[in-house]
Amino acid sequence: MKRKIIDCEKCVGCKNCELACMVVHSPDENLHQAYREGGMAAVRARCKIELTSGGRLFPEHCRHCREAQCLQACMSGALSRNEQDFVVCDAETCVGCFMCVMSCPFGAARPATAGDRVMVKCDGCSDRTFPACVETCPTACLTLGEEAGQDDGVVYVNPPQPREACG
Amino acid sequence: MPHCKSADTCLSHYLESRTDINTAFDRFAEQQVKCGFAQLGVCCRLCSNGPCRITPDSPKGVCGATADGIVARNFLRMVTAGAGCYLHVCEATARRLKAIGEGISPVPIRSKQSLDQLAAMLGIEANTTEEKARLVADGVLADLYKPRHEKMELVQFLVPQERLDTWNRLGIFPGGAKAEVFDALVKTSTNLNTDPIDQLLHCLNLGISTGLYGLTMTNLMNDVIMGEPEIRIAATGFSVADPDYVNIAVSGHSHSVFAGLIAYLETAAGQDVGRAAGAKGVRIVGMTCVGQDMQLRAGASGTEIFSGQAGNNFTQEALLATGAVDMVISEFNCTLSGIEPIAEAKQIKLVCLDDVAKLTSSELLADIPGQERELAQKLTRMAADQYRQRRAPGSEKIRIDLPRHGHQDVVTGVSEKSLVQFLGGSLQPLVDLVAGGRIKGVAAVLGCSNLAEGGHDVMTVNLTRELIQRDILVLSAGCTTGGLANCGFCSPSAKDWAGPGLKGVCEALGIPPVLNFGPCLSIGRIEMVAKALAETMGVSLPQLPVVISAPQWLEEQALADGCFGLALGLTLHLAQAPPVTGSPLITKVLTEDLPNLTGGRLFIEADPVKTAELMEGIIRDKLQALGVAA
Ligand code: SF4
Ligand code: SF4
Ligand code: SF4
Ligand code: SF4
């Protein structure tokens with residue numbers, strides 16, 4: 001299966017991945033409609049560009065972990081692993097306890113910023129042929145490819161040093 | 001790399017066959033990944049705390065600027081630049097007219113009648129032609145240079161009183177045009193104006209000076225210097241270039257900058273320079289809008305030495321790649337930097353006459369009023385030398401690969417005056433055609449061409465085809481016209497693509513279904529037609545049953561033109577939203593609230609069929625509101 005490969009050296013911090021993610025999770029999935037009448041606040045990008053304590057850009061994406069902490073912490077059954085091997089959330093079932101938010105070691109499970117009290121996370125763009133963030137990234141920091149030797153659904157290349165915490 | 005298409009299939013094939021050159025059609029594909037923040041207008045780069053982008057996680061800039069504030073000032077900056085461009089052309093034209101009036105410029109005045117009419121409209125009286133020219137120019141320059149708190153004086157006759165009242169009510173009637181541009185830049189700088197509505201009103205203010213000075217006064221002054229448009233048949237397309245001549249391609253927007261060159265080439269001495277180089281003579285080939293202007297007025301100036309209009313903005317790289325052009329003279333915009341490597345490969349000399357249009361590899365020869373004759377001689381010599389070098393035996397011979405392209409029977413020279421003349425002295429026959437139901441209405445398809453709307457001229461051509469099929473007469477000005485003419489829409493035979501009503505009218509009058517007003521500056525002429533139509537029908541501009549579309553708007557000038565249309569109270573269609581959709585407030589004002597402010601309306605639609613349906617519906621509603629049977 002093709003996975004998202006993130007080459008941290010190539011990120012320029014343009015945040016178009018965040019924007020693309022918001023657009024595909026907005027009601028009419030249209031860039032020009034996404035910011036309409038407060039609509040922008042209701043959708044939240046599932047990915048986020050962070051700055052490390054060492055000053056490096058770090059695209060923070062859900063890893064779709066093999067041992068997913070969020071999934072294990074979820075008591076309502078909202079989080080599950082789908083056929084495409086992505087860890088996804090069913091917003092209808094989510095009760096907003098945010099145990100997942102506290103469990104994810106990467107900050108990739110996040111509370112929604114407006115609307116219902118639910119968590120939001122990357123769904124791997126399961127219903128699209130291509131992840132929106134990858135499609136939009138102008139620098140090929142985000143690509144899809146075969147990368148052996150790692151279990152998680154996302155592969156990081158050239159990651160920041162372990163002691164560089166995300167701010 | 002996939003190749004961007006053109007509605008002009010001949011051009012498309014030619015570009016595909018020329019794998020040796022790189023053009024905008026190739027580069028378009030390489031630039032497909034777009035920055036969404038720029039498209040939305042929510043990126044601000046005004047200070048060192050930025051750039052700031054508006055997202056749910058960061059809904060305000062460091063300074064506190066909101067999406068509405070950031071979008072408004074970005075948009076105002078674009079409109080300001082666009083207004084500045086047209087005002088620059090107006091200023092250059094007025095300076096030339098003044099120099100002629102003062103006897104400094106040796107350039108002839110080709111239409112004394114235009115001068116008399118213009119002076120009369122401005123309330124200027126003088127004993128001699130020269131004095132009249134000087135006083136007109138002085139009046140225009142004085143208005144352009146007024147401070148912001150002194151209102152423009154001269155051009156009020158160009159719009160109905162109802163418009164002046166509306167503009168005064170909204171406080172958008174401009175002061176000195178250049179000062180308005182200046183203060184718009186001040187207003188949009190760091191931590192100054194944060195009121196999106198105030199900034200939007202400033203956009204409309206700039207639209208008014210763009211339209212009345214940048215477009216209309218420029219046209220009227222150029223009519224004096226270069227002669228009035230006359231309806232005639234002309235050729236378009238690459239085939240206008242004849243490689244047996246020294247070919248000078250022109251690009252820009254200021255017709256009278258070429259007054260000296262045209263006058264010189266009209267003399268035997270000018271043509272002899274080309275003959276001495278082994279050519280049959282020297283010809284000007286039209287490229288971009290200034291070529292359109294030459295085409296429009298070629299009945300009065302440059303009749304013999306102007307070959308015709310080769311094509312619009314995005315055809316220039318292909319035109320130069322044919323090898324048929326020896327020199328390019330640019331005096332203003334729409335000269336793509338992409339022509340530079342092609343010019344180098346094809347040994348084409350690049351010259352610019354104004355530093356605002358300076359390309360890295362072009363030679364700047366400043367156009368100074370009073371020195372037109374010397375400059376013309378120098379330019380002609382340079383072009384002839386280039387021709388000689390390019391054809392010198394022994395030197396690497398320049399291959400000429402000129403496709404058969406374009407049309408020989410394009411109807412051109414349509415203006416606010418020539419149209420009225422053609423219709424027998426008034427616009428009443430046109431009103432009767434609409435009122436009698438023979439045609440459904442009139443639409444203007446104008447402005448630029450871009451590659452973004454399905455390809456070069458694709459939306460323009462598809463929309464125009466839909467409109468004429470619906471028996472809607474199309475008026476066109478700008479690169480849209482260049483594209484439409486090259487696709488056959490300005491030739492009489494295009495009547496066969498029109499609906500039965502419009503076809504009948506075309507046959508009866510011998511006109512094509514698309515009336516070719518020439519360059520984008522002629523958007524000002526179309527405004528004058530609209531004003532005359534409104535007067536003939538006894539209605540206000542917002543009531544007028546016409547719609548305008550700039551289906552493939554490209555640049556900042558187009559946005560300033562658009563603001564003019566909206567200030568006039570007209571309904572404007574764009575296929576692509578300008579970068580304002582990141583602001584809920586600006587989007588709402590432009591698309592919903594404007595009818596209550598100026599009476600104008602903006603709508604965005606990318607599909608040509610839906611657009612034509614909407615345009616037809618708007619015309620029908622306006623006709624019904626006037627009680628005219630549709
Ligand atoms: S949300 Fe966090 S824990 Fe859950 S799969 Fe993604 S990265 Fe792993
Ligand atoms: S894969 Fe889809 S849902 Fe996940 S971060 Fe990218 S755009 Fe967002
Ligand atoms: S789109 Fe690519 S380069 Fe831009 S911020 Fe996202 S990961 Fe970085
Ligand atoms: S002016 Fe304000 S919004 Fe713009 S870059 Fe500076 S802090 Fe950011």
# chains A, B, ... in the order shown; residues from 1 in each chain; ligands from 1
>>> select_by_dssp(residues="stretch 27-160 of chain A", states="helix (DSSP H, G or I)", output="tab-separated table (two decimals) with C-alpha atoms, in the first residue's frame")
chain	number	residue	atom	x	y	z
A	31	LEU	CA	-11.74	26.71	-1.62
A	32	HIS	CA	-13.71	29.88	-2.27
A	33	GLN	CA	-16.66	28.71	-0.16
A	34	ALA	CA	-14.58	27.44	2.76
A	36	ARG	CA	-17.68	31.94	4.00
A	37	GLU	CA	-19.73	33.20	6.94
A	38	GLY	CA	-17.72	31.73	9.74
A	39	GLY	CA	-17.43	28.39	7.95
A	40	MET	CA	-13.70	28.53	8.25
A	41	ALA	CA	-13.77	28.28	12.03
A	42	ALA	CA	-15.90	25.15	11.97
A	69	GLN	CA	-3.01	5.09	21.44
A	70	CYS	CA	-6.06	7.15	20.50
A	71	LEU	CA	-7.91	4.06	19.42
A	72	GLN	CA	-7.07	2.25	22.60
A	73	ALA	CA	-8.15	5.20	24.73
A	99	MET	CA	-9.28	10.82	26.01
A	100	CYS	CA	-7.80	10.41	22.52
A	101	VAL	CA	-6.59	13.99	22.53
A	102	MET	CA	-4.70	13.28	25.73
A	103	SER	CA	-3.39	9.94	24.53
A	132	ALA	CA	-5.57	16.55	-0.41
A	133	CYS	CA	-2.50	17.65	1.53
A	134	VAL	CA	-0.18	15.61	-0.70
A	135	GLU	CA	-1.91	16.88	-3.82
A	136	THR	CA	-1.38	20.51	-2.80
>>> interface_residues(of="chain B", to="chain A", cutoff="8 Å", atoms="only C-alpha atoms", output="list in words")
Val33, Lys34, Cys35, Gly36, Phe37, Leu40, Thr55, Pro56, Asp57, Thr581, Gly582, Ser583 and Pro584 of chain B
>>> write_last_selection(atoms="all heavy atoms", output="PDB file, in the first residue's frame")
ATOM      1  N   VAL B  33       0.273  23.824  -9.233  1.00  0.00           N
ATOM      2  CA  VAL B  33       0.016  23.792  -7.788  1.00  0.00           C
ATOM      3  C   VAL B  33      -0.055  25.238  -7.313  1.00  0.00           C
ATOM      4  O   VAL B  33       0.902  25.984  -7.416  1.00  0.00           O
ATOM      5  CB  VAL B  33       1.129  23.036  -7.040  1.00  0.00           C
ATOM      6  CG1 VAL B  33       0.868  23.060  -5.552  1.00  0.00           C
ATOM      7  CG2 VAL B  33       1.198  21.604  -7.540  1.00  0.00           C
ATOM      8  N   LYS B  34      -1.228  25.633  -6.861  1.00  0.00           N
ATOM      9  CA  LYS B  34      -1.439  27.035  -6.478  1.00  0.00           C
ATOM     10  C   LYS B  34      -1.436  27.183  -4.962  1.00  0.00           C
ATOM     11  O   LYS B  34      -1.834  26.270  -4.250  1.00  0.00           O
ATOM     12  CB  LYS B  34      -2.795  27.525  -7.008  1.00  0.00           C
ATOM     13  CG  LYS B  34      -2.966  27.391  -8.513  1.00  0.00           C
ATOM     14  CD  LYS B  34      -2.085  28.366  -9.258  1.00  0.00           C
ATOM     15  CE  LYS B  34      -2.296  28.226 -10.767  1.00  0.00           C
ATOM     16  NZ  LYS B  34      -1.155  28.776 -11.518  1.00  0.00           N
ATOM     17  N   CYS B  35      -1.080  28.343  -4.501  1.00  0.00           N
ATOM     18  CA  CYS B  35      -1.174  28.638  -3.076  1.00  0.00           C
ATOM     19  C   CYS B  35      -2.593  29.097  -2.767  1.00  0.00           C
ATOM     20  O   CYS B  35      -3.060  30.112  -3.279  1.00  0.00           O
ATOM     21  CB  CYS B  35      -0.181  29.715  -2.678  1.00  0.00           C
ATOM     22  SG  CYS B  35      -0.431  30.243  -0.978  1.00  0.00           S
ATOM     23  N   GLY B  36      -3.276  28.343  -1.934  1.00  0.00           N
ATOM     24  CA  GLY B  36      -4.658  28.663  -1.612  1.00  0.00           C
ATOM     25  C   GLY B  36      -4.810  29.987  -0.879  1.00  0.00           C
ATOM     26  O   GLY B  36      -5.789  30.698  -1.057  1.00  0.00           O
ATOM     27  N   PHE B  37      -3.823  30.336  -0.046  1.00  0.00           N
ATOM     28  CA  PHE B  37      -3.936  31.590   0.701  1.00  0.00           C
ATOM     29  C   PHE B  37      -3.929  32.783  -0.256  1.00  0.00           C
ATOM     30  O   PHE B  37      -4.654  33.754  -0.062  1.00  0.00           O
ATOM     31  CB  PHE B  37      -2.794  31.707   1.719  1.00  0.00           C
ATOM     32  CG  PHE B  37      -2.850  30.654   2.777  1.00  0.00           C
ATOM     33  CD1 PHE B  37      -2.055  29.524   2.702  1.00  0.00           C
ATOM     34  CD2 PHE B  37      -3.722  30.785   3.838  1.00  0.00           C
ATOM     35  CE1 PHE B  37      -2.119  28.546   3.668  1.00  0.00           C
ATOM     36  CE2 PHE B  37      -3.801  29.813   4.819  1.00  0.00           C
ATOM     37  CZ  PHE B  37      -2.997  28.682   4.731  1.00  0.00           C
ATOM     38  N   LEU B  40      -7.232  33.093  -1.965  1.00  0.00           N
ATOM     39  CA  LEU B  40      -8.253  33.636  -1.081  1.00  0.00           C
ATOM     40  C   LEU B  40      -7.966  35.082  -0.689  1.00  0.00           C
ATOM     41  O   LEU B  40      -8.849  35.790  -0.207  1.00  0.00           O
ATOM     42  CB  LEU B  40      -8.335  32.797   0.203  1.00  0.00           C
ATOM     43  CG  LEU B  40      -8.842  31.366   0.047  1.00  0.00           C
ATOM     44  CD1 LEU B  40      -8.484  30.548   1.272  1.00  0.00           C
ATOM     45  CD2 LEU B  40     -10.351  31.371  -0.163  1.00  0.00           C
ATOM     46  N   THR B  55      -6.019  31.242   9.265  1.00  0.00           N
ATOM     47  CA  THR B  55      -6.541  29.869   9.349  1.00  0.00           C
ATOM     48  C   THR B  55      -7.344  29.786  10.647  1.00  0.00           C
ATOM     49  O   THR B  55      -7.273  30.694  11.472  1.00  0.00           O
ATOM     50  CB  THR B  55      -5.399  28.825   9.400  1.00  0.00           C
ATOM     51  OG1 THR B  55      -4.781  28.906  10.682  1.00  0.00           O
ATOM     52  CG2 THR B  55      -4.361  29.033   8.319  1.00  0.00           C
ATOM     53  N   PRO B  56      -8.065  28.688  10.865  1.00  0.00           N
ATOM     54  CA  PRO B  56      -8.812  28.573  12.123  1.00  0.00           C
ATOM     55  C   PRO B  56      -7.880  28.630  13.336  1.00  0.00           C
ATOM     56  O   PRO B  56      -8.248  29.145  14.376  1.00  0.00           O
ATOM     57  CB  PRO B  56      -9.475  27.194  12.027  1.00  0.00           C
ATOM     58  CG  PRO B  56      -9.490  26.875  10.580  1.00  0.00           C
ATOM     59  CD  PRO B  56      -8.315  27.547   9.975  1.00  0.00           C
ATOM     60  N   ASP B  57      -6.666  28.118  13.182  1.00  0.00           N
ATOM     61  CA  ASP B  57      -5.739  28.143  14.308  1.00  0.00           C
ATOM     62  C   ASP B  57      -5.101  29.510  14.482  1.00  0.00           C
ATOM     63  O   ASP B  57      -4.485  29.797  15.506  1.00  0.00           O
ATOM     64  CB  ASP B  57      -4.627  27.104  14.087  1.00  0.00           C
ATOM     65  CG  ASP B  57      -5.172  25.688  14.203  1.00  0.00           C
ATOM     66  OD1 ASP B  57      -6.271  25.534  14.766  1.00  0.00           O
ATOM     67  OD2 ASP B  57      -4.508  24.755  13.717  1.00  0.00           O
ATOM     68  N   THR B 581     -12.118  36.016  -1.820  1.00  0.00           N
ATOM     69  CA  THR B 581     -13.101  35.111  -1.230  1.00  0.00           C
ATOM     70  C   THR B 581     -12.735  34.691   0.192  1.00  0.00           C
ATOM     71  O   THR B 581     -13.556  34.084   0.878  1.00  0.00           O
ATOM     72  CB  THR B 581     -13.319  33.871  -2.106  1.00  0.00           C
ATOM     73  OG1 THR B 581     -12.042  33.382  -2.496  1.00  0.00           O
ATOM     74  CG2 THR B 581     -14.128  34.186  -3.337  1.00  0.00           C
ATOM     75  N   GLY B 582     -11.524  35.025   0.655  1.00  0.00           N
ATOM     76  CA  GLY B 582     -11.179  34.751   2.046  1.00  0.00           C
ATOM     77  C   GLY B 582     -11.863  35.694   3.010  1.00  0.00           C
ATOM     78  O   GLY B 582     -11.842  35.488   4.219  1.00  0.00           O
ATOM     79  N   SER B 583     -12.489  36.747   2.473  1.00  0.00           N
ATOM     80  CA  SER B 583     -13.192  37.701   3.328  1.00  0.00           C
ATOM     81  C   SER B 583     -14.686  37.573   3.135  1.00  0.00           C
ATOM     82  O   SER B 583     -15.225  37.938   2.097  1.00  0.00           O
ATOM     83  CB  SER B 583     -12.775  39.132   2.982  1.00  0.00           C
ATOM     84  OG  SER B 583     -13.738  40.046   3.473  1.00  0.00           O
ATOM     85  N   PRO B 584     -15.383  37.069   4.155  1.00  0.00           N
ATOM     86  CA  PRO B 584     -16.840  36.972   4.027  1.00  0.00           C
ATOM     87  C   PRO B 584     -17.458  38.341   3.765  1.00  0.00           C
ATOM     88  O   PRO B 584     -18.384  38.458   2.964  1.00  0.00           O
ATOM     89  CB  PRO B 584     -17.273  36.432   5.398  1.00  0.00           C
ATOM     90  CG  PRO B 584     -16.061  35.763   5.960  1.00  0.00           C
ATOM     91  CD  PRO B 584     -14.882  36.506   5.419  1.00  0.00           C
TER      92      PRO B 584
END
>>> residues_near_ligand(ligand="ligand 1", cutoff="12 Å", atoms="only C-alpha atoms and all ligand atoms", output="PyMOL selection string")
chain A and resi 46-47+60-74+78-82+85-89+98-111+119-124+151-155
>>> select_by_dssp(residues="stretch 23-153 of chain A", states="strand (DSSP E or B)", output="count of residues only")
23
>>> residues_around(residues="B:Ala83", least_positions_apart="4", cutoff="7 Å", atoms="only C-alpha atoms", output="list of chain:residue names")
B:Val79, B:Leu87, B:Leu206, B:Gly207, B:Thr210, B:Gln557, B:Ala560
>>> write_last_selection(atoms="all heavy atoms", output="mmCIF file, in the first residue's frame")
data_model
loop_
_atom_site.group_PDB
_atom_site.id
_atom_site.type_symbol
_atom_site.label_atom_id
_atom_site.label_comp_id
_atom_site.auth_asym_id
_atom_site.auth_seq_id
_atom_site.Cartn_x
_atom_site.Cartn_y
_atom_site.Cartn_z
ATOM 1 N N VAL B 79 -6.017 47.008 -7.240
ATOM 2 C CA VAL B 79 -6.789 47.979 -8.022
ATOM 3 C C VAL B 79 -5.980 49.268 -8.204
ATOM 4 O O VAL B 79 -5.975 49.877 -9.276
ATOM 5 C CB VAL B 79 -8.149 48.263 -7.343
ATOM 6 C CG1 VAL B 79 -8.893 49.382 -8.044
ATOM 7 C CG2 VAL B 79 -8.999 46.998 -7.325
ATOM 8 N N LEU B 87 -3.637 55.262 -15.829
ATOM 9 C CA LEU B 87 -3.421 56.705 -15.686
ATOM 10 C C LEU B 87 -2.066 57.102 -16.279
ATOM 11 O O LEU B 87 -1.908 58.193 -16.812
ATOM 12 C CB LEU B 87 -3.527 57.111 -14.213
ATOM 13 C CG LEU B 87 -4.948 56.971 -13.647
ATOM 14 C CD1 LEU B 87 -4.947 57.106 -12.134
ATOM 15 C CD2 LEU B 87 -5.895 57.999 -14.269
ATOM 16 N N LEU B 206 -11.137 54.652 -7.508
ATOM 17 C CA LEU B 206 -10.065 54.455 -8.491
ATOM 18 C C LEU B 206 -10.624 53.934 -9.805
ATOM 19 O O LEU B 206 -10.117 54.252 -10.881
ATOM 20 C CB LEU B 206 -9.027 53.479 -7.935
ATOM 21 C CG LEU B 206 -8.205 53.992 -6.746
ATOM 22 C CD1 LEU B 206 -7.457 52.840 -6.097
ATOM 23 C CD2 LEU B 206 -7.227 55.067 -7.192
ATOM 24 N N GLY B 207 -11.682 53.139 -9.707
ATOM 25 C CA GLY B 207 -12.322 52.635 -10.922
ATOM 26 C C GLY B 207 -12.846 53.788 -11.762
ATOM 27 O O GLY B 207 -12.736 53.782 -12.994
ATOM 28 N N THR B 210 -9.945 55.541 -13.404
ATOM 29 C CA THR B 210 -9.435 54.618 -14.435
ATOM 30 C C THR B 210 -10.292 54.719 -15.686
ATOM 31 O O THR B 210 -9.783 54.849 -16.806
ATOM 32 C CB THR B 210 -9.495 53.161 -13.928
ATOM 33 O OG1 THR B 210 -8.623 53.035 -12.824
ATOM 34 C CG2 THR B 210 -9.080 52.179 -15.014
ATOM 35 N N GLN B 557 -4.950 45.749 -13.961
ATOM 36 C CA GLN B 557 -5.701 46.753 -14.728
ATOM 37 C C GLN B 557 -7.138 46.301 -14.949
ATOM 38 O O GLN B 557 -8.057 47.097 -14.931
ATOM 39 C CB GLN B 557 -5.041 46.959 -16.091
ATOM 40 C CG GLN B 557 -3.883 47.921 -16.061
ATOM 41 C CD GLN B 557 -3.147 47.885 -17.374
ATOM 42 O OE1 GLN B 557 -2.346 46.991 -17.601
ATOM 43 N NE2 GLN B 557 -3.427 48.821 -18.244
ATOM 44 N N ALA B 560 -9.183 47.128 -12.045
ATOM 45 C CA ALA B 560 -9.545 48.549 -12.014
ATOM 46 C C ALA B 560 -10.685 48.819 -13.004
ATOM 47 O O ALA B 560 -11.640 49.542 -12.694
ATOM 48 C CB ALA B 560 -8.325 49.408 -12.340
#
>>> residues_near_ligand(ligand="ligand 4", cutoff="8 Å", atoms="only C-alpha atoms and all ligand atoms", output="list in words")
Cys43, Cys44, Arg45, Leu46, Cys47, Ser48, Asn49, Gly50, Pro51, Cys52, Arg53, Lys60, Gly61, Val62, Cys63, Gly64, Ala65, Thr66, Ile70, Ser189, Thr190 and Asn191 of chain B
>>> write_last_selection(atoms="N, CA, C and O atoms", output="mmCIF file, in the first residue's frame")
data_model
loop_
_atom_site.group_PDB
_atom_site.id
_atom_site.type_symbol
_atom_site.label_atom_id
_atom_site.label_comp_id
_atom_site.auth_asym_id
_atom_site.auth_seq_id
_atom_site.Cartn_x
_atom_site.Cartn_y
_atom_site.Cartn_z
ATOM 1 N N CYS B 43 -3.304 36.327 2.809
ATOM 2 C CA CYS B 43 -1.907 36.331 3.215
ATOM 3 C C CYS B 43 -1.453 37.786 3.247
ATOM 4 O O CYS B 43 -1.680 38.521 2.296
ATOM 5 N N CYS B 44 -0.859 38.203 4.337
ATOM 6 C CA CYS B 44 -0.373 39.582 4.429
ATOM 7 C C CYS B 44 1.139 39.574 4.622
ATOM 8 O O CYS B 44 1.659 38.837 5.454
ATOM 9 N N ARG B 45 1.826 40.397 3.833
ATOM 10 C CA ARG B 45 3.289 40.457 3.923
ATOM 11 C C ARG B 45 3.758 41.868 4.247
ATOM 12 O O ARG B 45 4.818 42.279 3.835
ATOM 13 N N LEU B 46 2.928 42.616 4.955
ATOM 14 C CA LEU B 46 3.222 44.039 5.098
ATOM 15 C C LEU B 46 4.272 44.372 6.148
ATOM 16 O O LEU B 46 4.723 45.496 6.206
ATOM 17 N N CYS B 47 4.595 43.441 7.034
ATOM 18 C CA CYS B 47 5.592 43.818 8.045
ATOM 19 C C CYS B 47 6.450 42.626 8.412
ATOM 20 O O CYS B 47 6.198 41.503 8.008
ATOM 21 N N SER B 48 7.438 42.897 9.227
ATOM 22 C CA SER B 48 8.406 41.847 9.553
ATOM 23 C C SER B 48 7.842 40.827 10.540
ATOM 24 O O SER B 48 8.449 39.790 10.770
ATOM 25 N N ASN B 49 6.698 41.118 11.134
ATOM 26 C CA ASN B 49 6.061 40.104 11.970
ATOM 27 C C ASN B 49 5.368 39.049 11.111
ATOM 28 O O ASN B 49 4.967 38.012 11.613
ATOM 29 N N GLY B 50 5.184 39.360 9.843
ATOM 30 C CA GLY B 50 4.502 38.446 8.938
ATOM 31 C C GLY B 50 5.496 37.558 8.233
ATOM 32 O O GLY B 50 6.634 37.463 8.679
ATOM 33 N N PRO B 51 5.153 36.918 7.137
ATOM 34 C CA PRO B 51 3.792 36.902 6.582
ATOM 35 C C PRO B 51 2.802 36.243 7.541
ATOM 36 O O PRO B 51 3.155 35.287 8.223
ATOM 37 N N CYS B 52 1.593 36.770 7.560
ATOM 38 C CA CYS B 52 0.528 36.183 8.357
ATOM 39 C C CYS B 52 -0.517 35.587 7.427
ATOM 40 O O CYS B 52 -0.874 36.212 6.428
ATOM 41 N N ARG B 53 -0.982 34.394 7.770
ATOM 42 C CA ARG B 53 -2.053 33.778 6.991
ATOM 43 C C ARG B 53 -3.191 33.421 7.923
ATOM 44 O O ARG B 53 -2.963 32.998 9.048
ATOM 45 N N LYS B 60 -6.231 35.741 13.169
ATOM 46 C CA LYS B 60 -5.847 37.144 13.015
ATOM 47 C C LYS B 60 -4.355 37.262 12.789
ATOM 48 O O LYS B 60 -3.581 36.417 13.277
ATOM 49 N N GLY B 61 -3.949 38.325 12.092
ATOM 50 C CA GLY B 61 -2.526 38.607 11.944
ATOM 51 C C GLY B 61 -1.940 39.032 13.272
ATOM 52 O O GLY B 61 -2.668 39.311 14.233
ATOM 53 N N VAL B 62 -0.616 39.097 13.336
ATOM 54 C CA VAL B 62 0.047 39.498 14.578
ATOM 55 C C VAL B 62 -0.466 40.861 15.041
ATOM 56 O O VAL B 62 -0.718 41.092 16.216
ATOM 57 N N CYS B 63 -0.698 41.755 14.101
ATOM 58 C CA CYS B 63 -1.164 43.106 14.431
ATOM 59 C C CYS B 63 -2.638 43.118 14.822
ATOM 60 O O CYS B 63 -3.141 44.130 15.291
ATOM 61 N N GLY B 64 -3.322 42.029 14.595
ATOM 62 C CA GLY B 64 -4.752 41.978 14.891
ATOM 63 C C GLY B 64 -5.615 42.051 13.649
ATOM 64 O O GLY B 64 -6.841 42.008 13.732
ATOM 65 N N ALA B 65 -4.983 42.166 12.475
ATOM 66 C CA ALA B 65 -5.756 42.272 11.232
ATOM 67 C C ALA B 65 -6.597 41.019 11.021
ATOM 68 O O ALA B 65 -6.134 39.896 11.232
ATOM 69 N N THR B 66 -7.846 41.234 10.605
ATOM 70 C CA THR B 66 -8.747 40.116 10.332
ATOM 71 C C THR B 66 -8.653 39.726 8.862
ATOM 72 O O THR B 66 -8.040 40.424 8.054
ATOM 73 N N ILE B 70 -7.297 42.103 5.797
ATOM 74 C CA ILE B 70 -6.163 41.711 4.948
ATOM 75 C C ILE B 70 -6.610 41.632 3.488
ATOM 76 O O ILE B 70 -5.948 42.148 2.588
ATOM 77 N N SER B 189 -0.886 50.631 3.698
ATOM 78 C CA SER B 189 0.389 50.255 4.307
ATOM 79 C C SER B 189 0.174 49.774 5.744
ATOM 80 O O SER B 189 -0.951 49.747 6.248
ATOM 81 N N THR B 190 1.268 49.421 6.379
ATOM 82 C CA THR B 190 1.216 48.736 7.669
ATOM 83 C C THR B 190 0.532 49.566 8.756
ATOM 84 O O THR B 190 0.895 50.727 8.965
ATOM 85 N N ASN B 191 -0.438 48.954 9.408
ATOM 86 C CA ASN B 191 -1.139 49.568 10.534
ATOM 87 C C ASN B 191 -1.714 50.937 10.208
ATOM 88 O O ASN B 191 -1.578 51.891 10.978
#
>>> residues_around(residues="B:Glu466", least_positions_apart="5", cutoff="8 Å", atoms="only C-alpha atoms", output="mmCIF file with N, CA, C and O atoms, in the first residue's frame")
data_model
loop_
_atom_site.group_PDB
_atom_site.id
_atom_site.type_symbol
_atom_site.label_atom_id
_atom_site.label_comp_id
_atom_site.auth_asym_id
_atom_site.auth_seq_id
_atom_site.Cartn_x
_atom_site.Cartn_y
_atom_site.Cartn_z
ATOM 1 N N PRO B 608 -19.429 28.246 -19.154
ATOM 2 C CA PRO B 608 -19.910 29.172 -20.183
ATOM 3 C C PRO B 608 -21.413 29.079 -20.437
ATOM 4 O O PRO B 608 -22.069 30.110 -20.654
ATOM 5 N N VAL B 609 -21.963 27.866 -20.392
ATOM 6 C CA VAL B 609 -23.391 27.725 -20.671
ATOM 7 C C VAL B 609 -24.209 28.364 -19.554
ATOM 8 O O VAL B 609 -25.132 29.146 -19.797
ATOM 9 N N ALA B 612 -23.979 32.140 -19.801
ATOM 10 C CA ALA B 612 -24.824 32.702 -20.851
ATOM 11 C C ALA B 612 -26.288 32.695 -20.421
ATOM 12 O O ALA B 612 -27.021 33.663 -20.652
#
>>> closest_residue(among="A:Gly145, A:Gly77, A:Pro131, A:Gly54", to="ligand 3", atoms="only C-alpha atoms and all ligand atoms")
A:Pro131
>>> residues_around(residues="stretch 228-242 of chain B", least_positions_apart="5", cutoff="6 Å", atoms="only C-alpha atoms", output="VMD selection string")
chain B and resid 223 296 to 297 299 307 to 311 404 to 414 486
>>> atom_distance(atom1="atom CA of B:Leu154", atom2="atom CA of B:Val136")
9.5 Å
>>> closest_residue(among="A:Cys21, A:Met75, A:Cys141, A:Thr52", to="ligand 3", atoms="only C-alpha atoms and all ligand atoms")
A:Cys141
>>> residues_around(residues="B:Val250", least_positions_apart="6", cutoff="9 Å", atoms="only C-alpha atoms", output="list in words")
Phe258, Ile284, Val285, Gly286, Met287, Thr288, Val290, Gly291, Met327, Val328, Ile329, Ser330 and Glu331 of chain B
>>> atom_distance(atom1="atom CA of A:Asn158", atom2="atom CA of A:Glu50")
15.1 Å
>>> residues_around(residues="B:Phe182", least_positions_apart="5", cutoff="12 Å", atoms="only C-alpha atoms", output="number ranges by chain")
B: 76-77, 80-81, 83-84, 144-148, 175-177, 187-189, 202, 206
